[in-house]
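Data block below; observations after.
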Amino acid sequence: MMTTPRFLQGAFAFEGQGLDKPAPLHPTLTYTVPEGVTGQVLYVRAGNSSDELASVVLVFDGAPARWLPVGARADMHVSLRVVEDLLAGTTVEVHYTAPAGTTGTLVVDCGLVEV
């Protein structure tokens, strides 16, 4: 079976709008599963430079699907490979949440694979 890795990654400044208000982190953090393949999110790693809790939110086809907290001045790594298959046409976006007014940088590395 041939697989193709894909990555959504980078360091992005943010300003929080509320822990219950996911917002896109950056326009480049989006991926659509191509026709003829199935996608899987393998892992998400993130680091948070702010003094407050932030969350990375994986959004599938416009709906928040996974909320992954990143502690203040901390990092996290979550393995997701066996959680679910993403069908062709599914769009994955990386959003974030943080307390209103909180500023900082999130460093994100989201690894996906096409099968």
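Residue numbering restarts at 1 in every chain; chains get A, B, ... in the order shown in the structure tokens, and ligands count up from 1 in that same order.
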Excluding same-chain residues fewer than 5 positions from range 57-69 of chain A, what lies within 7 Å of it counting only C-alpha atoms, as number ranges by chain? A: 22, 90-96
Kindly export the residues of the current selection with N, CA and C atoms, as a short mmCIF file (atom, residue, chain, number, x, y, z; two decimals), in the first residue's frame.
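For reference, selection_22.cif as written:
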data_model
loop_
_atom_site.label_atom_id
_atom_site.label_comp_id
_atom_site.auth_asym_id
_atom_site.auth_seq_id
_atom_site.Cartn_x
_atom_site.Cartn_y
_atom_site.Cartn_z
N PRO A 22 -13.56 28.97 18.73
CA PRO A 22 -12.49 28.58 17.80
C PRO A 22 -12.41 29.54 16.61
N THR A 90 -13.11 15.61 2.26
CA THR A 90 -13.13 16.16 3.61
C THR A 90 -12.08 17.26 3.74
N THR A 91 -12.47 18.39 4.31
CA THR A 91 -11.53 19.48 4.54
C THR A 91 -11.15 19.52 6.02
N VAL A 92 -9.86 19.59 6.28
CA VAL A 92 -9.31 19.68 7.63
C VAL A 92 -8.71 21.07 7.79
N GLU A 93 -9.07 21.76 8.88
CA GLU A 93 -8.49 23.06 9.19
C GLU A 93 -7.98 23.03 10.62
N VAL A 94 -6.91 23.80 10.88
CA VAL A 94 -6.40 23.95 12.24
C VAL A 94 -6.87 25.30 12.76
N HIS A 95 -7.68 25.27 13.81
CA HIS A 95 -8.14 26.48 14.49
C HIS A 95 -7.49 26.52 15.87
N TYR A 96 -7.78 27.56 16.62
CA TYR A 96 -7.24 27.70 17.97
C TYR A 96 -8.27 28.36 18.85
#
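In terms of minimum interatomic distance to Ala11 in chain A, A:Leu29 ranks closest within A:Val78, A:Ala23, A:Ala72, A:Leu29, counting only C-alpha atoms.
Reported to one decimal place, the separation of CA of Val37 in chain A from CA of Met2 in chain A is 10.5 Å.
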Check the smallest atom-to-atom distance from each of A:Gly10, A:Gly47, A:Gly71, A:Gly101 to Thr28 in chain A using only C-alpha atoms, then report the winner. A:Gly10
